[in-house]
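Raw structure_37.cif, mmCIF, C-alpha atoms and all ligand atoms:
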```cif
data_my_file
loop_
_atom_site.group_PDB
_atom_site.id
_atom_site.type_symbol
_atom_site.label_atom_id
_atom_site.label_comp_id
_atom_site.auth_asym_id
_atom_site.auth_seq_id
_atom_site.Cartn_x
_atom_site.Cartn_y
_atom_site.Cartn_z
ATOM 1 C CA MET E 1 -44.264 31.997 88.789
ATOM 2 C CA SER E 2 -46.404 28.973 89.500
ATOM 3 C CA SER E 3 -49.934 28.518 88.373
ATOM 4 C CA GLU E 4 -52.752 26.245 89.400
ATOM 5 C CA SER E 5 -54.346 26.426 86.000
ATOM 6 C CA GLY E 6 -51.284 25.164 84.182
ATOM 7 C CA GLN E 7 -51.613 28.127 81.832
ATOM 8 C CA ASP E 8 -48.306 29.647 82.859
ATOM 9 C CA GLN E 9 -46.351 27.425 80.554
ATOM 10 C CA LYS E 10 -45.511 29.738 77.700
ATOM 11 C CA ILE E 11 -46.763 28.249 74.468
ATOM 12 C CA ASP E 12 -44.984 29.393 71.347
ATOM 13 C CA VAL E 13 -47.953 29.400 68.994
ATOM 14 C CA MET E 14 -46.002 30.855 66.108
ATOM 15 C CA LEU E 15 -43.345 28.167 66.332
ATOM 16 C CA GLY E 16 -45.987 25.425 66.580
ATOM 17 C CA LEU E 17 -47.795 26.757 63.528
ATOM 18 C CA LYS E 18 -44.606 27.030 61.514
ATOM 19 C CA LYS E 19 -43.707 23.472 62.343
ATOM 20 C CA VAL E 20 -47.147 22.134 61.416
ATOM 21 C CA LEU E 21 -47.163 24.056 58.119
ATOM 22 C CA SER E 22 -43.785 22.641 57.145
ATOM 23 C CA GLN E 23 -44.921 19.121 58.093
ATOM 24 C CA ILE E 24 -47.981 19.677 55.892
ATOM 25 C CA GLU E 25 -45.751 20.625 52.969
ATOM 26 C CA GLY E 26 -43.646 17.521 53.505
ATOM 27 C CA ALA E 27 -46.726 15.301 53.576
ATOM 28 C CA VAL E 28 -48.104 16.894 50.403
ATOM 29 C CA ALA E 29 -44.844 16.050 48.643
ATOM 30 C CA ARG E 30 -45.229 12.386 49.661
ATOM 31 C CA ARG E 31 -48.893 12.195 48.619
ATOM 32 C CA SER E 32 -49.738 9.886 45.731
ATOM 33 C CA LYS E 33 -49.957 11.732 42.429
ATOM 34 C CA ALA E 34 -53.149 9.812 41.708
ATOM 35 C CA LEU E 35 -54.933 11.847 44.383
ATOM 36 C CA PRO E 36 -56.417 15.310 43.868
ATOM 37 C CA GLN E 37 -53.513 17.734 44.280
ATOM 38 C CA VAL E 38 -55.248 20.127 46.629
ATOM 39 C CA MET E 39 -53.109 22.049 49.119
ATOM 40 C CA PRO E 40 -54.551 21.064 52.504
ATOM 41 C CA ARG E 41 -56.234 23.670 54.626
ATOM 42 C CA LEU E 42 -55.074 23.821 58.220
ATOM 43 C CA VAL E 43 -57.860 24.357 60.737
ATOM 44 C CA ALA E 44 -56.332 25.352 64.071
ATOM 45 C CA VAL E 45 -58.474 23.792 66.791
ATOM 46 C CA SER E 46 -58.605 26.278 69.658
ATOM 47 C CA LYS E 47 -61.043 24.584 72.041
ATOM 48 C CA ILE E 48 -60.548 25.512 75.697
ATOM 49 C CA LYS E 49 -57.692 27.825 74.682
ATOM 50 C CA PRO E 50 -57.984 31.567 75.389
ATOM 51 C CA ALA E 51 -58.671 34.303 72.845
ATOM 52 C CA SER E 52 -55.131 35.635 73.344
ATOM 53 C CA LEU E 53 -53.646 32.500 71.735
ATOM 54 C CA ILE E 54 -56.114 32.740 68.855
ATOM 55 C CA VAL E 55 -54.996 36.308 68.230
ATOM 56 C CA GLU E 56 -51.364 35.152 68.309
ATOM 57 C CA ALA E 57 -52.049 32.479 65.716
ATOM 58 C CA TYR E 58 -54.041 34.927 63.589
ATOM 59 C CA GLU E 59 -51.222 37.439 63.676
ATOM 60 C CA ALA E 60 -48.871 34.673 62.537
ATOM 61 C CA GLY E 61 -51.074 34.269 59.455
ATOM 62 C CA GLN E 62 -53.540 31.551 60.464
ATOM 63 C CA ARG E 63 -57.122 32.216 59.320
ATOM 64 C CA HIS E 64 -59.127 29.002 59.825
ATOM 65 C CA PHE E 65 -60.035 28.027 63.393
ATOM 66 C CA GLY E 66 -62.172 25.181 64.730
ATOM 67 C CA GLU E 67 -64.299 24.762 67.846
ATOM 68 C CA ASN E 68 -66.407 21.815 68.930
ATOM 69 C CA TYR E 69 -68.848 23.442 71.370
ATOM 70 C CA VAL E 70 -71.430 25.907 70.078
ATOM 71 C CA ASN E 71 -71.306 28.135 73.157
ATOM 72 C CA GLU E 72 -67.540 28.342 73.037
ATOM 73 C CA LEU E 73 -67.485 29.148 69.332
ATOM 74 C CA ALA E 74 -70.198 31.774 69.771
ATOM 75 C CA ASP E 75 -68.380 33.392 72.717
ATOM 76 C CA LYS E 76 -65.015 33.490 70.984
ATOM 77 C CA ALA E 77 -66.463 34.659 67.681
ATOM 78 C CA SER E 78 -68.126 37.568 69.531
ATOM 79 C CA ASP E 79 -65.135 38.381 71.747
ATOM 80 C CA PRO E 80 -64.401 42.105 71.239
ATOM 81 C CA VAL E 81 -60.652 41.502 70.960
ATOM 82 C CA ILE E 82 -61.131 38.848 68.280
ATOM 83 C CA LEU E 83 -63.671 41.016 66.444
ATOM 84 C CA GLU E 84 -61.187 43.858 66.411
ATOM 85 C CA LYS E 85 -57.939 42.024 65.709
ATOM 86 C CA CYS E 86 -59.072 39.051 63.634
ATOM 87 C CA LYS E 87 -61.426 40.588 61.088
ATOM 88 C CA ASP E 88 -60.890 37.882 58.480
ATOM 89 C CA ILE E 89 -61.083 34.889 60.844
ATOM 90 C CA LYS E 90 -62.941 31.847 59.539
ATOM 91 C CA TRP E 91 -64.709 29.675 62.110
ATOM 92 C CA HIS E 92 -65.324 25.969 61.530
ATOM 93 C CA PHE E 93 -67.758 24.093 63.717
ATOM 94 C CA ILE E 94 -66.395 20.578 64.299
ATOM 95 C CA GLY E 95 -68.488 19.248 67.207
ATOM 96 C CA HIS E 96 -71.867 17.638 67.732
ATOM 97 C CA LEU E 97 -74.608 20.055 66.732
ATOM 98 C CA GLN E 98 -77.920 19.820 68.581
ATOM 99 C CA THR E 99 -81.073 21.276 67.082
ATOM 100 C CA ASN E 100 -81.586 23.751 69.934
ATOM 101 C CA LYS E 101 -78.134 25.272 69.295
ATOM 102 C CA ILE E 102 -78.517 25.859 65.567
ATOM 103 C CA ASN E 103 -79.588 29.491 65.809
ATOM 104 C CA LYS E 104 -76.817 30.350 68.221
ATOM 105 C CA LEU E 105 -74.244 28.786 65.928
ATOM 106 C CA LEU E 106 -75.578 30.324 62.722
ATOM 107 C CA SER E 107 -75.653 33.792 64.262
ATOM 108 C CA SER E 108 -71.952 33.652 65.241
ATOM 109 C CA PRO E 109 -69.852 36.280 63.454
ATOM 110 C CA GLN E 110 -67.519 34.908 60.762
ATOM 111 C CA LEU E 111 -68.949 31.385 60.855
ATOM 112 C CA TYR E 112 -67.293 29.784 57.820
ATOM 113 C CA MET E 113 -68.479 26.194 57.695
ATOM 114 C CA ILE E 114 -70.081 23.334 59.559
ATOM 115 C CA GLN E 115 -68.045 20.145 59.293
ATOM 116 C CA THR E 116 -70.407 17.903 61.198
ATOM 117 C CA VAL E 117 -73.706 17.415 59.369
ATOM 118 C CA HIS E 118 -74.697 14.033 60.763
ATOM 119 C CA SER E 119 -78.273 13.546 59.514
ATOM 120 C CA GLU E 120 -80.749 14.567 56.855
ATOM 121 C CA LYS E 121 -82.825 16.203 59.585
ATOM 122 C CA LEU E 122 -79.936 18.397 60.682
ATOM 123 C CA ALA E 123 -79.265 19.309 57.055
ATOM 124 C CA ASP E 124 -82.929 20.275 56.641
ATOM 125 C CA ASN E 125 -82.853 22.415 59.773
ATOM 126 C CA LEU E 126 -79.692 24.216 58.735
ATOM 127 C CA ASN E 127 -81.094 24.726 55.267
ATOM 128 C CA LYS E 128 -84.238 26.264 56.721
ATOM 129 C CA GLN E 129 -82.507 28.562 59.222
ATOM 130 C CA TRP E 130 -79.511 29.785 57.216
ATOM 131 C CA PRO E 131 -81.378 32.437 55.155
ATOM 132 C CA LYS E 132 -82.077 34.331 58.404
ATOM 133 C CA TYR E 133 -78.371 34.794 59.056
ATOM 134 C CA ARG E 134 -76.469 34.777 55.791
ATOM 135 C CA LYS E 135 -75.080 37.780 54.040
ATOM 136 C CA ASN E 136 -75.095 38.270 50.257
ATOM 137 C CA GLU E 137 -77.182 35.178 49.432
ATOM 138 C CA GLU E 138 -74.194 32.945 50.188
ATOM 139 C CA LYS E 139 -74.732 29.254 50.761
ATOM 140 C CA LEU E 140 -73.485 27.674 53.975
ATOM 141 C CA PRO E 141 -70.541 25.329 53.300
ATOM 142 C CA VAL E 142 -70.947 21.922 54.967
ATOM 143 C CA PHE E 143 -69.172 18.606 55.288
ATOM 144 C CA VAL E 144 -71.145 15.437 55.924
ATOM 145 C CA GLN E 145 -69.732 13.588 58.929
ATOM 146 C CA ILE E 146 -69.145 9.844 58.574
ATOM 147 C CA ASN E 147 -68.793 7.480 61.523
ATOM 148 C CA THR E 148 -65.934 5.502 59.989
ATOM 149 C CA SER E 149 -65.037 3.594 63.146
ATOM 150 C CA ALA E 150 -68.539 2.195 63.735
ATOM 151 C CA GLU E 151 -68.408 3.224 67.383
ATOM 152 C CA GLU E 152 -71.816 3.608 68.984
ATOM 153 C CA ALA E 153 -70.842 6.778 70.797
ATOM 154 C CA LYS E 154 -69.530 8.579 67.752
ATOM 155 C CA ASN E 155 -71.675 10.837 65.664
ATOM 156 C CA GLY E 156 -71.953 10.701 61.946
ATOM 157 C CA ILE E 157 -73.724 8.558 59.425
ATOM 158 C CA GLU E 158 -72.784 5.015 58.514
ATOM 159 C CA PRO E 159 -70.405 4.809 55.542
ATOM 160 C CA SER E 160 -73.113 2.963 53.578
ATOM 161 C CA GLU E 161 -75.455 5.957 53.992
ATOM 162 C CA THR E 162 -73.060 8.444 52.415
ATOM 163 C CA THR E 163 -74.644 8.551 48.979
ATOM 164 C CA ARG E 164 -78.162 8.889 50.333
ATOM 165 C CA VAL E 165 -77.340 11.774 52.670
ATOM 166 C CA VAL E 166 -75.139 13.653 50.198
ATOM 167 C CA LYS E 167 -77.855 13.279 47.545
ATOM 168 C CA HIS E 168 -80.352 14.667 50.017
ATOM 169 C CA VAL E 169 -78.180 17.722 50.689
ATOM 170 C CA LEU E 170 -77.594 18.316 46.985
ATOM 171 C CA GLU E 171 -81.218 17.932 45.981
ATOM 172 C CA ASN E 172 -83.172 19.269 48.947
ATOM 173 C CA CYS E 173 -80.970 21.836 50.649
ATOM 174 C CA PRO E 174 -80.445 24.739 48.231
ATOM 175 C CA ASN E 175 -79.056 26.953 51.009
ATOM 176 C CA LEU E 176 -76.258 24.505 51.827
ATOM 177 C CA ASP E 177 -73.079 24.043 49.822
ATOM 178 C CA PHE E 178 -71.927 20.430 50.043
ATOM 179 C CA LYS E 179 -68.125 20.534 50.200
ATOM 180 C CA GLY E 180 -67.010 17.108 51.315
ATOM 181 C CA LEU E 181 -66.780 14.423 53.968
ATOM 182 C CA MET E 182 -65.387 14.498 57.496
ATOM 183 C CA THR E 183 -64.428 11.860 60.041
ATOM 184 C CA ILE E 184 -63.167 11.965 63.593
ATOM 185 C CA GLY E 185 -62.453 8.261 63.828
ATOM 186 C CA MET E 186 -60.603 6.545 66.625
ATOM 187 C CA TYR E 187 -57.827 8.462 68.277
ATOM 188 C CA ASP E 188 -55.334 5.850 69.256
ATOM 189 C CA TYR E 189 -53.925 4.169 66.195
ATOM 190 C CA ASP E 190 -50.164 4.063 66.042
ATOM 191 C CA VAL E 191 -49.866 5.509 62.548
ATOM 192 C CA THR E 192 -46.149 4.753 62.460
ATOM 193 C CA LYS E 193 -47.111 1.066 62.381
ATOM 194 C CA ILE E 194 -50.421 0.890 60.536
ATOM 195 C CA THR E 195 -52.478 2.890 58.095
ATOM 196 C CA ASN E 196 -55.405 4.439 59.922
ATOM 197 C CA PRO E 197 -58.480 2.475 58.742
ATOM 198 C CA ASP E 198 -60.720 5.505 59.336
ATOM 199 C CA PHE E 199 -58.795 7.448 56.714
ATOM 200 C CA LEU E 200 -59.043 4.579 54.233
ATOM 201 C CA CYS E 201 -62.763 4.323 54.915
ATOM 202 C CA LEU E 202 -63.353 8.033 54.276
ATOM 203 C CA VAL E 203 -61.342 7.868 51.037
ATOM 204 C CA LYS E 204 -63.532 4.951 49.933
ATOM 205 C CA CYS E 205 -66.730 6.816 50.863
ATOM 206 C CA ARG E 206 -65.636 9.691 48.648
ATOM 207 C CA GLN E 207 -64.817 7.355 45.773
ATOM 208 C CA GLU E 208 -68.248 5.777 45.986
ATOM 209 C CA VAL E 209 -70.258 8.960 46.403
ATOM 210 C CA CYS E 210 -68.475 10.522 43.444
ATOM 211 C CA GLU E 211 -69.209 7.500 41.265
ATOM 212 C CA ASN E 212 -72.806 7.188 42.391
ATOM 213 C CA LEU E 213 -73.695 10.860 42.049
ATOM 214 C CA ASN E 214 -71.331 11.736 39.232
ATOM 215 C CA LEU E 215 -69.408 14.308 41.280
ATOM 216 C CA ASN E 216 -65.958 15.637 40.447
ATOM 217 C CA ILE E 217 -63.558 14.040 42.942
ATOM 218 C CA ASN E 218 -61.337 17.120 42.858
ATOM 219 C CA GLU E 219 -64.192 19.115 44.336
ATOM 220 C CA VAL E 220 -65.146 16.795 47.185
ATOM 221 C CA GLU E 221 -62.957 17.472 50.190
ATOM 222 C CA LEU E 222 -61.819 15.131 52.946
ATOM 223 C CA SER E 223 -61.504 16.474 56.496
ATOM 224 C CA MET E 224 -59.424 14.004 58.512
ATOM 225 C CA GLY E 225 -56.303 14.015 60.648
ATOM 226 C CA MET E 226 -55.437 15.668 63.961
ATOM 227 C CA SER E 227 -52.227 16.400 65.882
ATOM 228 C CA GLY E 228 -51.000 12.803 65.987
ATOM 229 C CA ASP E 229 -51.808 11.748 62.458
ATOM 230 C CA PHE E 230 -52.351 14.711 60.132
ATOM 231 C CA GLU E 231 -49.306 13.871 58.022
ATOM 232 C CA GLN E 232 -50.588 10.393 57.242
ATOM 233 C CA ALA E 233 -54.052 11.839 56.601
ATOM 234 C CA ILE E 234 -52.603 14.193 53.986
ATOM 235 C CA GLU E 235 -50.609 11.417 52.349
ATOM 236 C CA LEU E 236 -53.917 9.559 51.958
ATOM 237 C CA GLY E 237 -55.754 12.557 50.558
ATOM 238 C CA ALA E 238 -56.929 14.866 53.359
ATOM 239 C CA THR E 239 -57.702 18.357 52.098
ATOM 240 C CA THR E 240 -58.554 19.709 55.554
ATOM 241 C CA VAL E 241 -56.699 18.779 58.736
ATOM 242 C CA ARG E 242 -57.852 19.804 62.211
ATOM 243 C CA VAL E 243 -54.902 20.351 64.479
ATOM 244 C CA GLY E 244 -55.069 21.581 68.070
ATOM 245 C CA SER E 245 -52.593 20.505 70.707
ATOM 246 C CA VAL E 246 -49.380 20.669 68.685
ATOM 247 C CA ILE E 247 -50.165 24.344 67.983
ATOM 248 C CA PHE E 248 -51.782 25.517 71.212
ATOM 249 C CA GLY E 249 -50.337 23.076 73.751
ATOM 250 C CA ALA E 250 -51.778 20.000 75.409
ATOM 251 C CA ARG E 251 -55.254 20.025 76.891
ATOM 252 C CA PRO E 252 -56.166 18.476 80.232
ATOM 253 C CA PRO E 253 -57.011 14.792 79.839
ATOM 254 C CA LYS E 254 -60.678 14.732 78.948
ATOM 255 C CA PRO E 255 -62.330 13.079 76.003
ATOM 256 C CA TRP E 256 -62.712 16.145 73.802
HETATM 257 C C1 LIG U 1 -60.016 18.432 69.447
HETATM 258 C C2 LIG U 1 -60.329 18.058 68.064
HETATM 259 C C3 LIG U 1 -59.325 18.056 67.094
HETATM 260 C C4 LIG U 1 -57.879 18.415 67.370
HETATM 261 O O1 LIG U 1 -57.267 17.489 68.211
HETATM 262 P P1 LIG U 1 -55.688 17.564 68.541
HETATM 263 O O2 LIG U 1 -55.345 16.172 68.859
HETATM 264 O O3 LIG U 1 -55.547 18.494 69.666
HETATM 265 O O4 LIG U 1 -55.010 18.047 67.324
HETATM 266 C C5 LIG U 1 -59.696 17.714 65.799
HETATM 267 N N1 LIG U 1 -60.974 17.392 65.488
HETATM 268 C C6 LIG U 1 -61.950 17.400 66.395
HETATM 269 C C7 LIG U 1 -63.336 17.058 65.970
HETATM 270 C C8 LIG U 1 -61.669 17.729 67.713
HETATM 271 O O5 LIG U 1 -62.656 17.719 68.611
#
```
Show how you would write the structure in this file as structure tokens.
Amino acid sequence: MSSESGQDQKIDVMLGLKKVLSQIEGAVARRSKALPQVMPRLVAVSKIKPASLIVEAYEAGQRHFGENYVNELADKASDPVILEKCKDIKWHFIGHLQTNKINKLLSSPQLYMIQTVHSEKLADNLNKQWPKYRKNEEKLPVFVQINTSAEEAKNGIEPSETTRVVKHVLENCPNLDFKGLMTIGMYDYDVTKITNPDFLCLVKCRQEVCENLNLNINEVELSMGMSGDFEQAIELGATTVRVGSVIFGARPPKPW
């Protein structure tokens, strides 16, 4: 059977997941003992992939899923099949969040965390809106996104602003639960040859923010690493990795 959409290629999601989980274990074993010994959380990035593959991954045991467009997350989170078959799914928002999309995102069923808080203003808005949507007085877990590669087009705060923004969240946003730092960084380092400088930068940001604000380093997470480099990210201290294509298959070439 041929297909114009390229979707006919059978993706073995369960096999992909198994492989990634065993690579994660291997990387944890190689991680420096000086780093917080947190078992990394795998966020399966399902963007542009159909609900059927999400259900497959869920049934193989995966619980955390990531999307980088609000509309897509909201649609998938409300999909009747996902609501029925994936009751304990945990959605992570990992894209650029615009003010006019906040309500749509916060009202999505099973929203678990927002990894991309990129300004004090966005933090304030989320803090203000969350009480309308939350259940049981729970705070909304957030990561602060750092632009570690200093690229104009990338979102996130400058590394030097980390302490200021984290302090703002801690002191002025009682409805948010600051959980750590996240970077997307540049995609095309050959991590077999060099250590990804974005990872080193995020590790340094955490070190500094913990010293400056007297935070426990074991409780400040690092979200870094994708399909091509999640093992190195874990070796350097990642506690959350966001992995898409090696689980769900390649996406069409587009700068996602
Ligand atoms: C798409 C995406 C990923 C996953 O990328 P893969 O290379 O497919 O693993 C991770 N993080 C963000 C923010 C993304 O947009």
Note to self: So that I can see what lies close to Lys19 in chain E, please list as a VMD selection string the residues with an atom at most 12 Å from it, counting only C-alpha atoms and leaving out residues fewer than 3 positions away in the same chain.
What the structure shows: chain E and resid 12 to 16 22 to 26 227 231 243 246 to 247
Note to self: Quick check, in Å to one decimal: how far apart do CA of Tyr187 in chain E and CA of Glu235 in chain E lie?
What the structure shows: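 One can read the CA of Tyr187 in chain E to CA of Glu235 in chain E distance as 17.7 Å.
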Margin query: I'd like the residues picked by the PyMOL selection byres (((chain E and resi 241) around 9) and not hetatm) written out as a list in words, using the chain letters and numbers from the file.
Written below: Pro40, Arg41, Leu42, Val43, Ala44, Leu222, Ser223, Met224, Gly225, Met226, Ser227, Phe230, Glu231, Ala233, Ile234, Ala238, Thr239, Thr240, Arg242 and Val243 of chain E
Check: Can you list, as number ranges by chain, every protein, DNA or RNA residue that comes within 12 Å of Glu152 in chain E when you count only C-alpha atoms, leaving out same-chain residues fewer than 6 positions away?
Finding: E: 158, 185-186
Item checked: Straight-line distance linking CA of Ala60 in chain E with CA of Ile89 in chain E, stated in Å to one decimal -> 12.3 Å
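The coordinates place CA of Ala123 in chain E at 10.6 Å from CA of Asp177 in chain E.
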Next item on the list: Quick one: apply the PyMOL selection byres (((chain E and resi 62) around 10) and not hetatm) to the file and drop the selected residues here as a list in words.
Entry: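 The output of the PyMOL selection byres (((chain E and resi 62) around 10) and not hetatm) on this file is Met14, Leu17, Leu42, Val43, Ala44, Ile54, Val55, Glu56, Ala57, Tyr58, Glu59, Ala60, Gly61, Arg63, His64, Phe65, Cys86, Asp88, Ile89 and Lys90 of chain E.
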Next item on the list: Would you mind listing what lies within 12 Å of Lys135 in chain E as a ChimeraX atom specification, with all atoms listed in the file counted and same-chain residues fewer than 5 positions away left out?
Entry: /E:106-107,109-112,130,140,175
